[in-house]
>>> print(open('run-v8.txt').read())   # compact mmCIF, C-alpha atoms
# COMPACT_ATOMS: atom_id res chain seq x y z
CA MET A 1 16.67 10.17 -6.60
CA ALA A 2 17.12 7.62 -3.89
CA GLU A 3 16.78 9.79 -0.85
CA PRO A 4 16.74 8.47 2.70
CA MET A 5 13.62 7.54 4.60
CA LYS A 6 12.78 7.86 8.24
CA ILE A 7 11.76 4.93 10.41
CA ARG A 8 10.53 5.20 13.96
CA ALA A 9 9.60 2.10 15.95
CA THR A 10 8.33 2.31 19.51
CA MET A 11 6.97 -0.36 21.83
CA ALA A 12 3.44 -0.05 23.18
CA GLY A 13 2.84 -3.07 25.41
CA ASP A 14 3.97 -6.11 23.44
CA VAL A 15 3.30 -4.44 20.11
CA ALA A 16 5.84 -2.44 18.16
CA ASP A 17 4.34 0.60 16.49
CA VAL A 18 6.34 1.28 13.35
CA LYS A 19 6.07 4.50 11.38
CA VAL A 20 7.88 4.98 8.10
CA LEU A 21 8.18 8.16 6.08
CA MET A 22 9.53 7.65 2.58
CA ASN A 23 10.84 10.34 0.33
CA HIS A 24 9.37 10.00 -3.14
CA PRO A 25 7.49 12.24 -5.62
CA MET A 26 4.82 9.59 -6.42
CA GLU A 27 3.96 10.97 -9.87
CA THR A 28 0.78 9.42 -11.28
CA GLY A 29 1.66 9.97 -14.92
CA GLN A 30 -1.49 12.07 -15.33
CA ARG A 31 -0.23 15.42 -14.11
CA LYS A 32 0.86 18.05 -16.62
CA ASP A 33 3.94 20.16 -16.18
CA ALA A 34 2.74 23.73 -15.63
CA LYS A 35 5.43 25.22 -17.89
CA THR A 36 5.64 22.83 -20.83
CA GLY A 37 2.11 21.38 -20.80
CA GLN A 38 3.65 17.92 -21.18
CA LEU A 39 2.56 15.01 -19.04
CA VAL A 40 4.96 14.27 -16.22
CA PRO A 41 5.88 10.60 -16.55
CA ALA A 42 4.69 8.20 -13.86
CA LEU A 43 7.18 7.67 -11.08
CA PHE A 44 5.92 5.88 -8.00
CA ILE A 45 6.90 3.27 -5.44
CA GLN A 46 5.57 -0.16 -6.34
CA ASP A 47 6.96 -2.60 -3.80
CA VAL A 48 7.70 -2.11 -0.13
CA VAL A 49 9.09 -4.81 2.13
CA ALA A 50 9.39 -4.45 5.89
CA THR A 51 11.22 -6.93 8.08
CA VAL A 52 11.84 -7.29 11.81
CA ASN A 53 15.10 -9.10 12.57
CA GLY A 54 15.09 -10.44 9.02
CA THR A 55 11.53 -11.85 9.12
CA ALA A 56 9.12 -10.23 6.70
CA VAL A 57 6.20 -8.57 8.48
CA MET A 58 4.74 -6.62 5.58
CA THR A 59 5.09 -6.76 1.83
CA ALA A 60 3.11 -3.93 0.34
CA ASN A 61 2.30 -2.89 -3.21
CA PHE A 62 1.55 0.76 -3.85
CA GLY A 63 -0.46 2.19 -6.71
CA THR A 64 -0.37 5.76 -7.95
CA GLY A 65 -3.04 6.67 -5.39
CA ILE A 66 -0.57 6.84 -2.52
CA SER A 67 0.32 10.40 -1.56
CA LYS A 68 3.62 12.07 -2.29
CA ASN A 69 6.31 11.24 0.29
CA PRO A 70 4.40 8.14 1.42
CA TYR A 71 3.70 7.48 5.06
CA LEU A 72 3.29 3.90 6.21
CA GLY A 73 2.34 2.77 9.68
CA PHE A 74 1.99 -0.80 10.92
CA LYS A 75 2.08 -2.76 14.15
CA VAL A 76 4.08 -5.88 14.95
CA LYS A 77 3.21 -8.12 17.86
CA GLY A 78 5.98 -9.89 19.74
CA ALA A 79 8.76 -7.49 18.81
CA LYS A 80 11.23 -6.41 21.49
CA VAL A 81 13.24 -3.32 22.25
CA GLY A 82 16.40 -3.44 20.17
CA ASP A 83 14.89 -5.49 17.35
CA LYS A 84 16.04 -4.35 13.97
CA VAL A 85 13.33 -2.96 11.69
CA SER A 86 14.30 -2.76 8.06
CA VAL A 87 12.25 -1.25 5.24
CA SER A 88 13.06 -1.18 1.55
CA TRP A 89 11.19 0.00 -1.52
CA VAL A 90 11.49 -0.24 -5.30
CA ASP A 91 9.78 2.19 -7.67
CA ASN A 92 8.52 1.65 -11.21
CA THR A 93 11.86 2.71 -12.69
CA GLY A 94 13.78 0.20 -10.56
CA ASP A 95 15.17 2.84 -8.23
CA LYS A 96 15.46 1.47 -4.70
CA THR A 97 16.25 2.49 -1.16
CA SER A 98 16.39 0.73 2.17
CA ALA A 99 16.81 1.88 5.74
CA GLU A 100 17.05 0.36 9.18
CA ALA A 101 16.15 1.36 12.71
CA ALA A 102 16.06 -0.31 16.11
CA VAL A 103 12.85 -0.66 18.11
CA ALA A 104 12.95 1.81 21.00
CA MET B 1 9.98 2.97 -26.19
CA ASN B 2 12.35 1.72 -23.58
CA THR B 3 12.57 -2.05 -24.03
CA LEU B 4 13.89 -2.70 -20.54
CA ARG B 5 10.90 -0.94 -19.06
CA ARG B 6 8.57 -2.97 -21.30
CA ASN B 7 10.12 -6.19 -20.08
CA VAL B 8 9.85 -5.12 -16.47
CA LEU B 9 6.15 -4.34 -16.90
CA LYS B 10 5.58 -7.65 -18.69
CA GLY B 11 7.30 -9.48 -15.88
CA ALA B 12 5.15 -7.75 -13.30
CA GLY B 13 1.97 -8.87 -15.06
CA SER B 14 2.88 -12.51 -15.28
CA ALA B 15 4.13 -12.58 -11.72
CA GLY B 16 0.70 -11.72 -10.32
CA ALA B 17 0.12 -15.36 -9.48
CA VAL B 18 3.13 -15.29 -7.21
CA ALA B 19 1.64 -12.42 -5.23
CA VAL B 20 -1.60 -14.37 -4.82
CA ALA B 21 0.35 -17.37 -3.57
CA VAL B 22 2.20 -15.15 -1.13
CA ALA B 23 -1.04 -13.61 0.10
CA ALA B 24 -2.54 -17.07 0.58
CA GLY B 25 0.40 -18.01 2.75
CA LEU B 26 1.63 -20.69 0.36
CA LEU B 27 4.95 -18.98 -0.14
CA LYS B 28 7.01 -17.42 2.55
CA PRO B 29 7.93 -13.93 1.45
CA THR B 30 11.21 -13.89 3.34
CA GLN B 31 13.45 -12.47 0.64
CA ALA B 32 11.36 -12.03 -2.49
CA LEU B 33 9.71 -8.68 -3.08
CA ALA B 34 5.97 -8.84 -3.46
CA GLU B 35 5.33 -8.72 -7.18
CA TRP B 36 3.38 -5.69 -8.32
CA ASN B 37 -0.09 -6.78 -9.42
CA LYS B 38 -0.47 -4.87 -12.69
CA ALA B 39 -3.97 -6.11 -13.51
CA ALA B 40 -5.33 -4.99 -10.16
CA PHE B 41 -3.50 -1.67 -9.95
CA GLU B 42 -4.40 -0.61 -13.49
CA ALA B 43 -8.04 -1.67 -13.26
CA LYS B 44 -10.38 1.27 -13.87
CA ASN B 45 -13.12 0.24 -11.46
CA VAL B 46 -13.35 -1.35 -8.06
CA GLY B 47 -14.87 -4.64 -9.25
CA ASP B 48 -12.04 -5.32 -11.70
CA ALA B 49 -9.43 -4.29 -9.16
CA MET B 50 -10.85 -6.71 -6.62
CA LYS B 51 -10.93 -9.47 -9.20
CA GLY B 52 -7.31 -8.72 -10.00
CA LEU B 53 -6.47 -9.27 -6.37
CA GLY B 54 -8.48 -12.47 -6.28
CA ALA B 55 -11.00 -10.95 -3.89
CA GLY B 56 -14.19 -11.44 -5.91
CA ALA B 57 -17.12 -10.87 -3.58
CA PRO B 58 -16.04 -9.84 -0.10
CA ALA B 59 -18.56 -9.98 2.75
CA ASP B 60 -19.38 -6.82 4.71
CA SER B 61 -17.79 -6.87 8.12
CA LYS B 62 -18.16 -4.72 11.23
CA ASP B 63 -14.78 -5.91 12.47
CA ILE B 64 -12.96 -3.61 10.07
CA THR B 65 -12.51 -0.02 11.16
CA ILE B 66 -11.55 2.69 8.69
CA LYS B 67 -10.32 5.90 10.22
CA ALA B 68 -10.37 8.75 7.73
CA PRO B 69 -11.60 12.34 7.82
CA ASP B 70 -15.29 12.97 6.98
CA ILE B 71 -14.20 15.92 4.89
CA ALA B 72 -10.76 16.11 3.33
CA GLU B 73 -9.80 19.62 2.35
CA ASN B 74 -6.88 18.44 0.27
CA GLY B 75 -7.48 15.33 -1.80
CA ALA B 76 -3.76 14.95 -2.41
CA VAL B 77 -3.16 13.88 1.18
CA VAL B 78 -5.95 11.98 2.92
CA PRO B 79 -4.84 10.09 6.02
CA VAL B 80 -6.40 6.63 6.18
CA GLU B 81 -6.08 4.03 8.91
CA VAL B 82 -7.48 0.53 8.55
CA SER B 83 -7.69 -1.84 11.48
CA SER B 84 -9.10 -5.32 11.31
CA SER B 85 -9.95 -7.27 14.44
CA ILE B 86 -10.63 -10.39 12.37
CA ALA B 87 -8.36 -13.18 13.61
CA GLY B 88 -5.71 -14.25 11.14
CA THR B 89 -5.78 -11.13 8.98
CA THR B 90 -3.15 -11.67 6.29
CA ASN B 91 -3.88 -8.96 3.75
CA ILE B 92 -5.38 -5.48 3.65
CA ALA B 93 -6.16 -3.66 0.40
CA ILE B 94 -7.27 -0.04 0.23
CA PHE B 95 -9.43 1.39 -2.55
CA ALA B 96 -10.58 4.94 -3.31
CA GLU B 97 -13.65 4.10 -5.36
CA LYS B 98 -13.80 7.15 -7.65
CA ASN B 99 -10.10 7.32 -8.46
CA GLY B 100 -9.06 6.62 -12.05
CA THR B 101 -7.35 3.50 -10.78
CA PRO B 102 -9.18 2.68 -7.55
CA LEU B 103 -6.67 0.30 -5.97
CA VAL B 104 -4.39 2.44 -3.84
CA GLY B 105 -2.34 -0.03 -1.87
CA ASN B 106 -2.21 -3.72 -1.05
CA TYR B 107 -0.54 -4.81 2.16
CA ALA B 108 0.35 -8.42 2.90
CA LEU B 109 0.94 -9.05 6.58
CA SER B 110 3.02 -11.82 8.13
CA GLY B 111 5.33 -12.64 11.01
CA GLY B 112 3.38 -11.05 13.87
CA ALA B 113 2.16 -7.99 11.99
CA GLN B 114 -1.26 -6.99 13.27
CA GLY B 115 -4.32 -6.21 11.17
CA TYR B 116 -3.47 -2.55 10.97
CA VAL B 117 -2.24 -0.25 8.23
CA SER B 118 -1.92 3.50 8.29
CA THR B 119 -1.16 5.56 5.21
CA ARG B 120 -1.96 8.70 3.26
CA ILE B 121 -3.76 8.48 -0.06
CA LYS B 122 -4.75 10.68 -2.98
CA MET B 123 -8.43 11.06 -3.83
CA GLY B 124 -9.70 12.57 -7.06
CA ALA B 125 -13.25 13.16 -5.84
CA THR B 126 -15.65 12.53 -2.99
CA SER B 127 -16.11 8.79 -2.74
CA LEU B 128 -16.05 5.74 -0.54
CA VAL B 129 -12.73 4.58 0.85
CA ARG B 130 -12.99 0.82 0.92
CA ALA B 131 -10.85 -1.69 2.75
CA VAL B 132 -10.76 -5.34 1.75
CA VAL B 133 -9.34 -7.69 4.35
CA THR B 134 -8.27 -11.27 3.71
CA ALA B 135 -8.34 -13.59 6.70
CA GLY B 136 -8.26 -17.37 6.64
CA GLY B 137 -8.83 -17.50 2.89
CA LYS B 138 -12.00 -15.38 3.09
CA THR B 139 -12.42 -11.74 2.17
CA TYR B 140 -14.24 -9.08 4.14
CA THR B 141 -14.87 -5.44 3.39
CA ALA B 142 -15.92 -2.13 4.90
CA ALA B 143 -16.15 1.39 3.52
CA LYS B 144 -16.29 4.98 4.68
CA GLU B 145 -17.23 8.05 2.70
CA VAL B 146 -14.72 10.87 2.49
CA LYS B 147 -15.82 14.21 1.02
CA VAL B 148 -13.10 15.87 -0.97
CA THR B 149 -13.23 19.60 -1.61
CA ILE B 150 -10.10 19.83 -3.79
CA GLY B 151 -9.19 16.79 -5.89
CA GLY B 152 -5.70 15.42 -5.63
CA CYS B 153 -5.30 13.56 -8.88
CA GLY B 154 -5.17 16.34 -11.47
CA GLY B 155 -2.46 18.28 -9.68
>>> encode(input="run-v8.txt", output="structure tokens")
Amino acid sequence: MAEPMKIRATMAGDVADVKVLMNHPMETGQRKDAKTGQLVPALFIQDVVATVNGTAVMTANFGTGISKNPYLGFKVKGAKVGDKVSVSWVDNTGDKTSAEAAVA
Amino acid sequence: MNTLRRNVLKGAGSAGAVAVAVAAGLLKPTQALAEWNKAAFEAKNVGDAMKGLGAGAPADSKDITIKAPDIAENGAVVPVEVSSSIAGTTNIAIFAEKNGTPLVGNYALSGGAQGYVSTRIKMGATSLVRAVVTAGGKTYTAAKEVKVTIGGCGG
């Protein structure tokens, strides 16, 4: 299940604009399978941590109301070209993924 | 019933206080993952969800901008951007008021992160999208109505 995610970080002035695209079904637990009529169990990202050069800049909690394949954008002041942006997430089953990218 | 899962959920509930401490800046969230706030995320209405986050009665603020479409054709993917120009913004929470569980996401900011979050949310019906911003121990809020023509929660 743990598929890669995409991170793009670009400088705009002295602010790094970070865009993250995660790969996750984000099941709410309320949707029924079209074939079996059974509820599809909830499966969604709960915790997301983003760091720049090892310093946390965002710790986010997601609910089931975040869209499938979540997109997350944030801005970090004082970052520099070449800084390492790292993002990791954990879902409600304990599945986890992390990825890194350099600020361009 | 999967006992491991039960324990994990239990742990998440009791760890809510940690998340509050992190949001208040008492703890430095360098390594620890933000603990998932079960009470807030499973609350069925906005008031309870806010209480769960420890944001009881936020004041209306014009310094919060919510960028979202006036009409969303597909409720499963509604782009939402929240920016806060309030100095010292440390936390942004996003609610879709008519969703079964209104709290969509809670973002704690630190280490130079600006008062800005961009995401895509699901909306079950036409309702207000509300942002609650924490800055300097106080909470502020703003809302914007998004009309949804096809709900995104039933599938």
>>> residues_near_point(input="run-v8.txt", point="(8.1, -12.7, 7.4)", cutoff="10 Å", atoms="only C-alpha atoms", output="PDB file with C-alpha atoms, in the coordinates of the input")
ATOM      1  CA  VAL A  49       9.090  -4.810   2.130  1.00  0.00           C
ATOM      2  CA  ALA A  50       9.390  -4.450   5.890  1.00  0.00           C
ATOM      3  CA  THR A  51      11.220  -6.930   8.080  1.00  0.00           C
ATOM      4  CA  VAL A  52      11.840  -7.290  11.810  1.00  0.00           C
ATOM      5  CA  ASN A  53      15.100  -9.100  12.570  1.00  0.00           C
ATOM      6  CA  GLY A  54      15.090 -10.440   9.020  1.00  0.00           C
ATOM      7  CA  THR A  55      11.530 -11.850   9.120  1.00  0.00           C
ATOM      8  CA  ALA A  56       9.120 -10.230   6.700  1.00  0.00           C
ATOM      9  CA  VAL A  57       6.200  -8.570   8.480  1.00  0.00           C
ATOM     10  CA  MET A  58       4.740  -6.620   5.580  1.00  0.00           C
ATOM     11  CA  THR A  59       5.090  -6.760   1.830  1.00  0.00           C
TER      12      THR A  59
ATOM     13  CA  LYS B  28       7.010 -17.420   2.550  1.00  0.00           C
ATOM     14  CA  PRO B  29       7.930 -13.930   1.450  1.00  0.00           C
ATOM     15  CA  THR B  30      11.210 -13.890   3.340  1.00  0.00           C
ATOM     16  CA  GLN B  31      13.450 -12.470   0.640  1.00  0.00           C
ATOM     17  CA  ALA B 108       0.350  -8.420   2.900  1.00  0.00           C
ATOM     18  CA  LEU B 109       0.940  -9.050   6.580  1.00  0.00           C
ATOM     19  CA  SER B 110       3.020 -11.820   8.130  1.00  0.00           C
ATOM     20  CA  GLY B 111       5.330 -12.640  11.010  1.00  0.00           C
ATOM     21  CA  GLY B 112       3.380 -11.050  13.870  1.00  0.00           C
ATOM     22  CA  ALA B 113       2.160  -7.990  11.990  1.00  0.00           C
TER      23      ALA B 113
END
>>> interface_residues(input="run-v8.txt", of="chain A", to="chain B", cutoff="7 Å", atoms="only C-alpha atoms", output="PyMOL selection string")
chain A and resi 30-31+46-47+49+55-67+70-78
>>> axis_aligned_box(input="run-v8.txt", around="stretch 94-101 of chain A", padding_each_side="4 Å", output="AutoDock Vina command-line options")
--center_x 15.4 --center_y 1.5 --center_z 1.1 --size_x 11.3 --size_y 10.6 --size_z 31.3
>>> atom_distance(input="run-v8.txt", atom1="atom CA of B:Ala135", atom2="atom CA of A:Met11")
25.3 Å
>>> closest_residue(input="run-v8.txt", among="A:Lys32, A:Gly82, A:Trp89, A:Met5", to="A:Lys19", atoms="all atoms listed in the file")
A:Met5
>>> atom_distance(input="run-v8.txt", atom1="atom CA of B:Asp48", atom2="atom CA of B:Lys98")
13.2 Å
>>> residues_around(input="run-v8.txt", residues="stretch 56-69 of chain B", least_positions_apart="3", cutoff="10 Å", atoms="all atoms listed in the file", output="ChimeraX atom specification")
/B:47-53,72-73,78-87,94,115-118,120,129-134,138-148
>>> atom_distance(input="run-v8.txt", atom1="atom CA of A:Pro41", atom2="atom CA of A:Thr28")
7.4 Å
>>> closest_residue(input="run-v8.txt", among="A:Ala34, A:Val18, A:Ala12, A:Val40", to="A:Ala101", atoms="all atoms listed in the file")
A:Val18
>>> build_atoms(input="run-v8.txt", residues="stretch 49-79 of chain A", atoms="N, CA and C atoms", output="PDB file, in the coordinates of the input")
ATOM      1  N   VAL A  49       8.937  -3.641   1.264  1.00  0.00           N
ATOM      2  CA  VAL A  49       9.090  -4.810   2.130  1.00  0.00           C
ATOM      3  C   VAL A  49       9.608  -4.334   3.480  1.00  0.00           C
ATOM      4  N   ALA A  50       8.943  -4.777   4.540  1.00  0.00           N
ATOM      5  CA  ALA A  50       9.390  -4.450   5.890  1.00  0.00           C
ATOM      6  C   ALA A  50       9.711  -5.742   6.627  1.00  0.00           C
ATOM      7  N   THR A  51      10.839  -5.749   7.318  1.00  0.00           N
ATOM      8  CA  THR A  51      11.220  -6.930   8.080  1.00  0.00           C
ATOM      9  C   THR A  51      11.563  -6.520   9.508  1.00  0.00           C
ATOM     10  N   VAL A  52      11.382  -7.468  10.429  1.00  0.00           N
ATOM     11  CA  VAL A  52      11.840  -7.290  11.810  1.00  0.00           C
ATOM     12  C   VAL A  52      12.809  -8.430  12.083  1.00  0.00           C
ATOM     13  N   ASN A  53      14.036  -8.109  12.398  1.00  0.00           N
ATOM     14  CA  ASN A  53      15.100  -9.100  12.570  1.00  0.00           C
ATOM     15  C   ASN A  53      15.151 -10.095  11.406  1.00  0.00           C
ATOM     16  N   GLY A  54      14.956  -9.598  10.201  1.00  0.00           N
ATOM     17  CA  GLY A  54      15.090 -10.440   9.020  1.00  0.00           C
ATOM     18  C   GLY A  54      13.834 -11.194   8.620  1.00  0.00           C
ATOM     19  N   THR A  55      12.786 -11.171   9.458  1.00  0.00           N
ATOM     20  CA  THR A  55      11.530 -11.850   9.120  1.00  0.00           C
ATOM     21  C   THR A  55      10.562 -10.834   8.530  1.00  0.00           C
ATOM     22  N   ALA A  56      10.023 -11.162   7.352  1.00  0.00           N
ATOM     23  CA  ALA A  56       9.120 -10.230   6.700  1.00  0.00           C
ATOM     24  C   ALA A  56       7.853 -10.060   7.537  1.00  0.00           C
ATOM     25  N   VAL A  57       7.451  -8.826   7.774  1.00  0.00           N
ATOM     26  CA  VAL A  57       6.200  -8.570   8.480  1.00  0.00           C
ATOM     27  C   VAL A  57       5.182  -7.906   7.557  1.00  0.00           C
ATOM     28  N   MET A  58       5.663  -7.230   6.530  1.00  0.00           N
ATOM     29  CA  MET A  58       4.740  -6.620   5.580  1.00  0.00           C
ATOM     30  C   MET A  58       5.390  -6.535   4.214  1.00  0.00           C
ATOM     31  N   THR A  59       4.654  -7.008   3.190  1.00  0.00           N
ATOM     32  CA  THR A  59       5.090  -6.760   1.830  1.00  0.00           C
ATOM     33  C   THR A  59       3.936  -6.009   1.180  1.00  0.00           C
ATOM     34  N   ALA A  60       4.181  -4.767   0.841  1.00  0.00           N
ATOM     35  CA  ALA A  60       3.110  -3.930   0.340  1.00  0.00           C
ATOM     36  C   ALA A  60       3.351  -3.572  -1.122  1.00  0.00           C
ATOM     37  N   ASN A  61       2.252  -3.416  -1.851  1.00  0.00           N
ATOM     38  CA  ASN A  61       2.300  -2.890  -3.210  1.00  0.00           C
ATOM     39  C   ASN A  61       1.573  -1.562  -3.197  1.00  0.00           C
ATOM     40  N   PHE A  62       2.183  -0.547  -3.761  1.00  0.00           N
ATOM     41  CA  PHE A  62       1.550   0.760  -3.850  1.00  0.00           C
ATOM     42  C   PHE A  62       1.084   0.991  -5.277  1.00  0.00           C
ATOM     43  N   GLY A  63      -0.040   1.696  -5.412  1.00  0.00           N
ATOM     44  CA  GLY A  63      -0.460   2.190  -6.710  1.00  0.00           C
ATOM     45  C   GLY A  63      -0.137   3.668  -6.775  1.00  0.00           C
ATOM     46  N   THR A  64      -0.655   4.335  -7.814  1.00  0.00           N
ATOM     47  CA  THR A  64      -0.370   5.760  -7.950  1.00  0.00           C
ATOM     48  C   THR A  64      -1.215   6.573  -6.975  1.00  0.00           C
ATOM     49  N   GLY A  65      -2.151   5.948  -6.288  1.00  0.00           N
ATOM     50  CA  GLY A  65      -3.040   6.670  -5.390  1.00  0.00           C
ATOM     51  C   GLY A  65      -2.456   6.925  -4.013  1.00  0.00           C
ATOM     52  N   ILE A  66      -1.220   6.535  -3.797  1.00  0.00           N
ATOM     53  CA  ILE A  66      -0.570   6.840  -2.520  1.00  0.00           C
ATOM     54  C   ILE A  66       0.026   8.243  -2.616  1.00  0.00           C
ATOM     55  N   SER A  67      -0.128   9.007  -1.545  1.00  0.00           N
ATOM     56  CA  SER A  67       0.320  10.400  -1.560  1.00  0.00           C
ATOM     57  C   SER A  67       1.830  10.527  -1.726  1.00  0.00           C
ATOM     58  N   LYS A  68       2.214  11.717  -2.177  1.00  0.00           N
ATOM     59  CA  LYS A  68       3.620  12.070  -2.290  1.00  0.00           C
ATOM     60  C   LYS A  68       4.315  11.919  -0.926  1.00  0.00           C
ATOM     61  N   ASN A  69       5.561  11.527  -0.933  1.00  0.00           N
ATOM     62  CA  ASN A  69       6.310  11.240   0.290  1.00  0.00           C
ATOM     63  C   ASN A  69       5.500  10.306   1.200  1.00  0.00           C
ATOM     64  N   PRO A  70       5.352   9.051   0.772  1.00  0.00           N
ATOM     65  CA  PRO A  70       4.400   8.140   1.420  1.00  0.00           C
ATOM     66  C   PRO A  70       4.715   7.904   2.898  1.00  0.00           C
ATOM     67  N   TYR A  71       3.623   7.839   3.654  1.00  0.00           N
ATOM     68  CA  TYR A  71       3.700   7.480   5.060  1.00  0.00           C
ATOM     69  C   TYR A  71       3.111   6.080   5.198  1.00  0.00           C
ATOM     70  N   LEU A  72       3.774   5.258   5.990  1.00  0.00           N
ATOM     71  CA  LEU A  72       3.290   3.900   6.210  1.00  0.00           C
ATOM     72  C   LEU A  72       3.413   3.579   7.689  1.00  0.00           C
ATOM     73  N   GLY A  73       2.311   3.167   8.272  1.00  0.00           N
ATOM     74  CA  GLY A  73       2.340   2.770   9.680  1.00  0.00           C
ATOM     75  C   GLY A  73       1.835   1.356   9.820  1.00  0.00           C
ATOM     76  N   PHE A  74       2.488   0.550  10.643  1.00  0.00           N
ATOM     77  CA  PHE A  74       1.990  -0.800  10.920  1.00  0.00           C
ATOM     78  C   PHE A  74       2.431  -1.224  12.314  1.00  0.00           C
ATOM     79  N   LYS A  75       1.829  -2.313  12.795  1.00  0.00           N
ATOM     80  CA  LYS A  75       2.080  -2.760  14.150  1.00  0.00           C
ATOM     81  C   LYS A  75       2.510  -4.217  14.148  1.00  0.00           C
ATOM     82  N   VAL A  76       3.561  -4.520  14.917  1.00  0.00           N
ATOM     83  CA  VAL A  76       4.080  -5.880  14.950  1.00  0.00           C
ATOM     84  C   VAL A  76       4.035  -6.404  16.377  1.00  0.00           C
ATOM     85  N   LYS A  77       3.323  -7.509  16.533  1.00  0.00           N
ATOM     86  CA  LYS A  77       3.210  -8.120  17.860  1.00  0.00           C
ATOM     87  C   LYS A  77       4.442  -8.990  18.118  1.00  0.00           C
ATOM     88  N   GLY A  78       4.891  -8.992  19.362  1.00  0.00           N
ATOM     89  CA  GLY A  78       5.980  -9.890  19.740  1.00  0.00           C
ATOM     90  C   GLY A  78       7.363  -9.321  19.487  1.00  0.00           C
ATOM     91  N   ALA A  79       7.441  -8.099  19.008  1.00  0.00           N
ATOM     92  CA  ALA A  79       8.760  -7.490  18.810  1.00  0.00           C
ATOM     93  C   ALA A  79       9.291  -7.009  20.161  1.00  0.00           C
TER      94      ALA A  79
END
